[in-house]
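What follows is a short report on a single structure.
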Amino acid sequence: MKSALLWPIPARHLEAGSLLEVARAALDQEPSLEAAKNRLERQLKAGSASEALVFGTRASFLLVAAEADDLPALEAAEDMLHEAIERAPEDGRLWQAMGMALLRIADAGLEPPLDLLRGAEAALSKAQKLDISLNRLALTQTRLLLGLLEASAGDVSDDRLDGIDAELAAAEARYKAAPMQVVTLLPLLDALQVSARLDSENVAARLNRIVTLLRAAVPKLPELKKTIPALAEMLLSGAYTIADEDAAFALAKQAALMANDAVSLLPDAVEVRVLHGKSLIEMAGYVGDVDAARLMFVALNRFQEAVDRTERRDAALLVTLGNAHLLHARLVRDGEADLHFDDALAAYSAAATAKGHRHTFQEAIVHALRGDEEATQIALEDCQDLPDGPTLLTLPGIETYREREWLRALVQTATAPE
């Protein structure tokens, strides 16, 4: 299961104070897993440790030594922890290790994660009830993951929403007490992310808080710059979905600013240039034609840069470039519009070639907008990506030929069941 969190807490922080940290420290001091395990078990027995704790330690060794997808080892650790908990059900450290084992199994992605994460939440909650002094970062991360996964399944309860609000408040308090620390910043960023996704009324406020935090943090924690594109994408997604036009424009503007930052910080990343272009196009939808044309000009440059930096022809990227030229053509004078029509046609034709096709339906749109019926018909009849009938009739420029026999035949072909 690839984490849905943008800022997952590093393992060393999740494990701090747990049996897993003890096992990892012993493993770092010995040449082999077996030597480390034997040494630590001798120390535990010499200190009169319970049999349950010895079992829990063995399980922790398995957890820290196992590869991410080594399900047999992870399940063996889970079995050991069940046995340990049966012997000492009041030991919070064992419940904590059990929660982390279930998290690791969920991460392996070999079973439906919701039930595993709910099991991890229950175990980690039990650990906290038994020993409030235990590190609760794993519980926080589990609850945030559950919030996202339950939302994607359309199954978010009021209790879950209240729980996420509580995690956000706690994360804010921890960050206020120790700002600009990885261990307090990352949980706050993800708590804000999850809250933004679940709380439609506070999307803009939550996302803007993330922007403020990240802008301040990146100079001190440069590894966070890799998460800026994902944040820009989240801002753009918020702009697409939020009802308030002023708030939507503000989010699109923030998305463009963050994506522009990402272009500077990650100059080799093609996708951030595309993201910046898309953010500018979204902004253009909220301003007058003159400002929109300026934004479109910059967006076009970003898409062209992305195309130029792609070794192999990328059909989707070429279509994006063609679409941008088509949008820009509607904002400029006739002579300049013709140039954009030419460029759009060239991009669409290159996209068709990249897919191994003679034409793509987007070429027909350009021909139709130029009033070239014959070229429109040829492009539609020869393309291999013909839209369905109702969509075909709504394409820009195509409605002009609604009554033509050739278009009716194409609509009938596109509508007929396979």
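Letters for chains follow the order of the structure tokens (A, B, ...), residue numbers begin at 1 for each chain, and ligand numbers begin at 1 in the order shown.
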
**Report entry** Selection near region 250-264 of chain A, 7 Å with only C-alpha atoms, sequence-local residues under 2 positions removed, as a PyMOL selection string
**Finding:** chain A and resi 204+228-229+232-233+235-236+238-239+246-248+266-267+272-273+275-276+279-280+282-283

Any chance you can output those residues with N, CA, C and O atoms as a compact mmCIF listing (two decimals), in the first residue's frame?
```
# COMPACT_ATOMS: atom_id res chain seq x y z
N ALA A 204 -9.80 25.65 1.88
CA ALA A 204 -8.87 26.73 1.57
C ALA A 204 -8.00 27.08 2.77
O ALA A 204 -6.78 27.25 2.64
N ILE A 228 6.70 19.55 -2.67
CA ILE A 228 6.02 20.76 -3.17
C ILE A 228 5.12 20.46 -4.37
O ILE A 228 3.99 20.96 -4.44
N PRO A 229 5.57 19.64 -5.36
CA PRO A 229 4.65 19.36 -6.48
C PRO A 229 3.33 18.72 -6.03
O PRO A 229 2.27 19.07 -6.56
N ALA A 232 1.20 21.42 -4.67
CA ALA A 232 0.64 22.24 -5.75
C ALA A 232 -0.53 21.52 -6.43
O ALA A 232 -1.55 22.14 -6.76
N GLU A 233 -0.38 20.21 -6.60
CA GLU A 233 -1.45 19.43 -7.21
C GLU A 233 -2.70 19.42 -6.33
O GLU A 233 -3.83 19.51 -6.81
N LEU A 235 -3.53 21.80 -4.19
CA LEU A 235 -4.11 23.14 -4.30
C LEU A 235 -4.93 23.28 -5.59
O LEU A 235 -6.04 23.83 -5.57
N LEU A 236 -4.39 22.78 -6.68
CA LEU A 236 -5.10 22.86 -7.96
C LEU A 236 -6.39 22.04 -7.91
O LEU A 236 -7.43 22.47 -8.41
N GLY A 238 -8.12 21.44 -5.27
CA GLY A 238 -9.05 22.23 -4.46
C GLY A 238 -9.70 23.34 -5.27
O GLY A 238 -10.90 23.60 -5.14
N ALA A 239 -8.92 23.98 -6.14
CA ALA A 239 -9.47 25.04 -6.99
C ALA A 239 -10.53 24.50 -7.94
O ALA A 239 -11.51 25.18 -8.25
N ASP A 246 -13.90 33.20 -5.49
CA ASP A 246 -12.74 33.92 -4.96
C ASP A 246 -11.76 32.95 -4.32
O ASP A 246 -10.54 33.06 -4.51
N ALA A 247 -12.30 32.01 -3.55
CA ALA A 247 -11.44 31.03 -2.89
C ALA A 247 -10.79 30.11 -3.92
O ALA A 247 -9.62 29.74 -3.79
N ALA A 248 -11.55 29.76 -4.96
CA ALA A 248 -11.01 28.89 -6.01
C ALA A 248 -9.86 29.58 -6.73
O ALA A 248 -8.81 28.97 -7.01
N LEU A 266 13.28 21.90 -8.55
CA LEU A 266 13.42 20.60 -9.21
C LEU A 266 13.48 20.81 -10.72
O LEU A 266 12.56 20.44 -11.45
N PRO A 267 14.56 21.41 -11.22
CA PRO A 267 14.60 21.82 -12.63
C PRO A 267 14.53 20.67 -13.63
O PRO A 267 14.17 20.90 -14.79
N VAL A 272 6.52 18.99 -13.12
CA VAL A 272 6.22 20.24 -12.42
C VAL A 272 6.00 21.38 -13.41
O VAL A 272 5.24 22.31 -13.12
N ARG A 273 6.63 21.31 -14.58
CA ARG A 273 6.37 22.32 -15.60
C ARG A 273 4.94 22.19 -16.15
O ARG A 273 4.25 23.19 -16.37
N LEU A 275 2.46 20.93 -14.45
CA LEU A 275 1.59 21.35 -13.35
C LEU A 275 1.50 22.87 -13.27
O LEU A 275 0.42 23.43 -13.06
N HIS A 276 2.63 23.53 -13.46
CA HIS A 276 2.62 25.00 -13.47
C HIS A 276 1.74 25.52 -14.60
O HIS A 276 0.92 26.44 -14.41
N SER A 279 -1.93 25.08 -13.75
CA SER A 279 -2.35 26.03 -12.72
C SER A 279 -2.61 27.41 -13.34
O SER A 279 -3.59 28.08 -12.98
N LEU A 280 -1.76 27.80 -14.26
CA LEU A 280 -1.94 29.10 -14.92
C LEU A 280 -3.20 29.11 -15.77
O LEU A 280 -3.92 30.11 -15.84
N GLU A 282 -5.89 27.38 -15.18
CA GLU A 282 -7.01 27.50 -14.23
C GLU A 282 -7.18 28.94 -13.78
O GLU A 282 -8.31 29.45 -13.70
N MET A 283 -6.09 29.64 -13.51
CA MET A 283 -6.16 31.06 -13.14
C MET A 283 -6.78 31.88 -14.26
O MET A 283 -7.57 32.81 -14.01
```

Report task. Would you mind listing what lies within 12 Å of Leu144 (chain A) as a PyMOL selection string, with only C-alpha atoms counted and same-chain residues fewer than 3 positions away left out? Result -> chain A and resi 3-9+117-118+121+137-141+147-151+156+160-168+171+186-198

Query raised in the report: Interatomic distance between CA of Gln362 (chain A) and CA of Thr400 (chain A)?
Result: 15.7 Å

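Each of A:Arg404, A:Thr376, A:Leu300, A:Ser60 was checked against Glu21 (chain A) using only C-alpha atoms; the smallest atom-to-atom distance is that of A:Ser60.
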
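Restricting the calculation to only C-alpha atoms, the smallest distance between Leu231 (chain A) and any of A:Thr212, A:Gln96, A:Asn38, A:Asn301 is found for A:Thr212.
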
**Report entry** Selection: 9 Å around region 391-398 of chain A, only C-alpha atoms, excl. self and same-chain fewer than 5 positions, as a ChimeraX atom specification
**Finding:** /A:362,364-371,376,386,407,410-411,414

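Picture a line from CA of Asp131 (chain A) to CA of Arg143 (chain A); it runs 18.7 Å.
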
Report as a JSON list (two decimals) with all heavy atoms, in the first residue's frame all protein, DNA and RNA residues lying within 9 Å of Leu134 (chain A), evaluated on only C-alpha atoms, omitting residues in the same chain fewer than 4 positions from it.
```
[["chain", "number", "residue", "atom", "x", "y", "z"],
["A", 16, "ALA", "N", 10.50, 5.43, 18.06],
["A", 16, "ALA", "CA", 11.20, 5.96, 19.24],
["A", 16, "ALA", "C", 10.56, 5.46, 20.53],
["A", 16, "ALA", "O", 9.35, 5.59, 20.73],
["A", 16, "ALA", "CB", 11.21, 7.48, 19.19],
["A", 17, "GLY", "N", 11.39, 4.88, 21.40],
["A", 17, "GLY", "CA", 10.91, 4.40, 22.70],
["A", 17, "GLY", "C", 10.24, 3.05, 22.67],
["A", 17, "GLY", "O", 9.83, 2.54, 23.71],
["A", 18, "SER", "N", 10.12, 2.42, 21.49],
["A", 18, "SER", "CA", 9.42, 1.14, 21.38],
["A", 18, "SER", "C", 10.40, -0.02, 21.39],
["A", 18, "SER", "O", 11.62, 0.16, 21.33],
["A", 18, "SER", "CB", 8.62, 1.11, 20.08],
["A", 18, "SER", "OG", 9.50, 1.01, 18.96],
["A", 92, "GLY", "N", 1.88, -2.41, 27.67],
["A", 92, "GLY", "CA", 1.59, -1.52, 26.55],
["A", 92, "GLY", "C", 2.61, -1.61, 25.42],
["A", 92, "GLY", "O", 2.28, -1.40, 24.25],
["A", 93, "ARG", "N", 3.87, -1.95, 25.76],
["A", 93, "ARG", "CA", 4.89, -2.04, 24.72],
["A", 93, "ARG", "C", 4.58, -3.14, 23.72],
["A", 93, "ARG", "O", 4.88, -3.02, 22.52],
["A", 93, "ARG", "CB", 6.26, -2.30, 25.37],
["A", 93, "ARG", "CG", 6.78, -1.13, 26.22],
["A", 93, "ARG", "CD", 7.98, -1.56, 27.03],
["A", 93, "ARG", "NE", 7.64, -2.63, 27.97],
["A", 93, "ARG", "CZ", 8.51, -3.23, 28.77],
["A", 93, "ARG", "NH1", 9.79, -2.88, 28.72],
["A", 93, "ARG", "NH2", 8.12, -4.17, 29.62],
["A", 96, "GLN", "N", 1.86, -1.90, 21.44],
["A", 96, "GLN", "CA", 2.45, -0.94, 20.52],
["A", 96, "GLN", "C", 3.17, -1.65, 19.37],
["A", 96, "GLN", "O", 3.01, -1.30, 18.19],
["A", 96, "GLN", "CB", 3.44, -0.04, 21.27],
["A", 96, "GLN", "CG", 4.05, 1.06, 20.42],
["A", 96, "GLN", "CD", 5.11, 1.82, 21.18],
["A", 96, "GLN", "OE1", 5.96, 1.24, 21.85],
["A", 96, "GLN", "NE2", 5.06, 3.15, 21.10],
["A", 127, "ALA", "N", -2.38, 0.36, 23.60],
["A", 127, "ALA", "CA", -1.06, 0.66, 24.17],
["A", 127, "ALA", "C", -1.08, 1.99, 24.91],
["A", 127, "ALA", "O", -0.52, 2.11, 26.01],
["A", 127, "ALA", "CB", -0.02, 0.69, 23.05],
["A", 128, "GLN", "N", -1.75, 2.99, 24.32],
["A", 128, "GLN", "CA", -1.82, 4.30, 24.97],
["A", 128, "GLN", "C", -2.60, 4.26, 26.28],
["A", 128, "GLN", "O", -2.23, 4.91, 27.26],
["A", 128, "GLN", "CB", -2.46, 5.31, 24.02],
["A", 128, "GLN", "CG", -1.55, 5.79, 22.92],
["A", 128, "GLN", "CD", -0.41, 6.64, 23.42],
["A", 128, "GLN", "OE1", -0.62, 7.63, 24.11],
["A", 128, "GLN", "NE2", 0.81, 6.24, 23.10]]
```

Query raised in the report: Quick one: residues within 7 Å of Leu81 (chain A), only C-alpha atoms counted, chain neighbours fewer than 3 positions away excluded, as an MDAnalysis selection string?
Result: chainID A and resid 55:56 59 77:78 84:85 94 98

For the selection you just gave me, I'd like the residues written to a file as an mmCIF file, in the first residue's frame, keeping all heavy atoms.
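For reference, selection-v9.cif as written:
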```cif
data_model
loop_
_atom_site.group_PDB
_atom_site.id
_atom_site.type_symbol
_atom_site.label_atom_id
_atom_site.label_comp_id
_atom_site.auth_asym_id
_atom_site.auth_seq_id
_atom_site.Cartn_x
_atom_site.Cartn_y
_atom_site.Cartn_z
ATOM 1 N N PHE A 55 9.563 -12.697 23.925
ATOM 2 C CA PHE A 55 8.819 -12.962 22.696
ATOM 3 C C PHE A 55 8.608 -11.667 21.902
ATOM 4 O O PHE A 55 8.746 -11.634 20.675
ATOM 5 C CB PHE A 55 7.466 -13.596 23.017
ATOM 6 C CG PHE A 55 7.479 -15.086 23.021
ATOM 7 C CD1 PHE A 55 7.894 -15.787 24.136
ATOM 8 C CD2 PHE A 55 7.079 -15.795 21.902
ATOM 9 C CE1 PHE A 55 7.908 -17.173 24.141
ATOM 10 C CE2 PHE A 55 7.088 -17.187 21.894
ATOM 11 C CZ PHE A 55 7.507 -17.871 23.026
ATOM 12 N N GLY A 56 8.254 -10.613 22.618
ATOM 13 C CA GLY A 56 8.028 -9.330 21.957
ATOM 14 C C GLY A 56 9.280 -8.791 21.300
ATOM 15 O O GLY A 56 9.224 -8.207 20.209
ATOM 16 N N ALA A 59 9.969 -10.748 18.105
ATOM 17 C CA ALA A 59 9.075 -10.260 17.054
ATOM 18 C C ALA A 59 9.567 -8.928 16.492
ATOM 19 O O ALA A 59 9.525 -8.691 15.282
ATOM 20 C CB ALA A 59 7.660 -10.101 17.604
ATOM 21 N N ALA A 77 6.085 -12.372 12.867
ATOM 22 C CA ALA A 77 6.216 -11.398 13.954
ATOM 23 C C ALA A 77 4.868 -11.147 14.611
ATOM 24 O O ALA A 77 4.754 -11.070 15.843
ATOM 25 C CB ALA A 77 6.796 -10.092 13.406
ATOM 26 N N GLU A 78 3.818 -11.045 13.794
ATOM 27 C CA GLU A 78 2.463 -10.849 14.347
ATOM 28 C C GLU A 78 2.080 -12.022 15.239
ATOM 29 O O GLU A 78 1.533 -11.831 16.338
ATOM 30 C CB GLU A 78 1.459 -10.692 13.203
ATOM 31 C CG GLU A 78 0.035 -10.459 13.678
ATOM 32 C CD GLU A 78 -0.999 -10.555 12.567
ATOM 33 O OE1 GLU A 78 -0.619 -10.828 11.412
ATOM 34 O OE2 GLU A 78 -2.198 -10.388 12.873
ATOM 35 N N ALA A 84 2.911 -13.255 22.868
ATOM 36 C CA ALA A 84 3.451 -12.414 23.934
ATOM 37 C C ALA A 84 2.338 -11.699 24.685
ATOM 38 O O ALA A 84 2.343 -11.615 25.926
ATOM 39 C CB ALA A 84 4.431 -11.406 23.343
ATOM 40 N N ILE A 85 1.352 -11.184 23.928
ATOM 41 C CA ILE A 85 0.241 -10.448 24.560
ATOM 42 C C ILE A 85 -0.610 -11.379 25.414
ATOM 43 O O ILE A 85 -1.114 -10.987 26.480
ATOM 44 C CB ILE A 85 -0.590 -9.731 23.468
ATOM 45 C CG1 ILE A 85 0.208 -8.530 22.928
ATOM 46 C CG2 ILE A 85 -1.937 -9.273 24.012
ATOM 47 C CD1 ILE A 85 -0.387 -7.878 21.698
ATOM 48 N N LEU A 94 3.972 -4.239 24.186
ATOM 49 C CA LEU A 94 3.625 -5.335 23.291
ATOM 50 C C LEU A 94 2.485 -4.931 22.356
ATOM 51 O O LEU A 94 2.494 -5.258 21.166
ATOM 52 C CB LEU A 94 3.247 -6.571 24.110
ATOM 53 C CG LEU A 94 4.352 -7.123 25.017
ATOM 54 C CD1 LEU A 94 3.820 -8.288 25.839
ATOM 55 C CD2 LEU A 94 5.558 -7.558 24.192
ATOM 56 N N MET A 98 2.545 -4.643 18.316
ATOM 57 C CA MET A 98 1.515 -5.285 17.492
ATOM 58 C C MET A 98 0.926 -4.288 16.492
ATOM 59 O O MET A 98 0.740 -4.600 15.296
ATOM 60 C CB MET A 98 0.406 -5.854 18.374
ATOM 61 C CG MET A 98 -0.780 -6.410 17.598
ATOM 62 S SD MET A 98 -0.323 -7.820 16.563
ATOM 63 C CE MET A 98 -0.423 -9.126 17.786
#
```

Requested in this report: Mind listing the alpha helix (DSSP H) residues of region 38-251 of chain A, per DSSP on the backbone, as a PyMOL selection string?
Outcome: chain A and resi 38-46+51-65+71-87+92-108+113-130+137-152+158-177+182-198+203-217+228-241+245-251
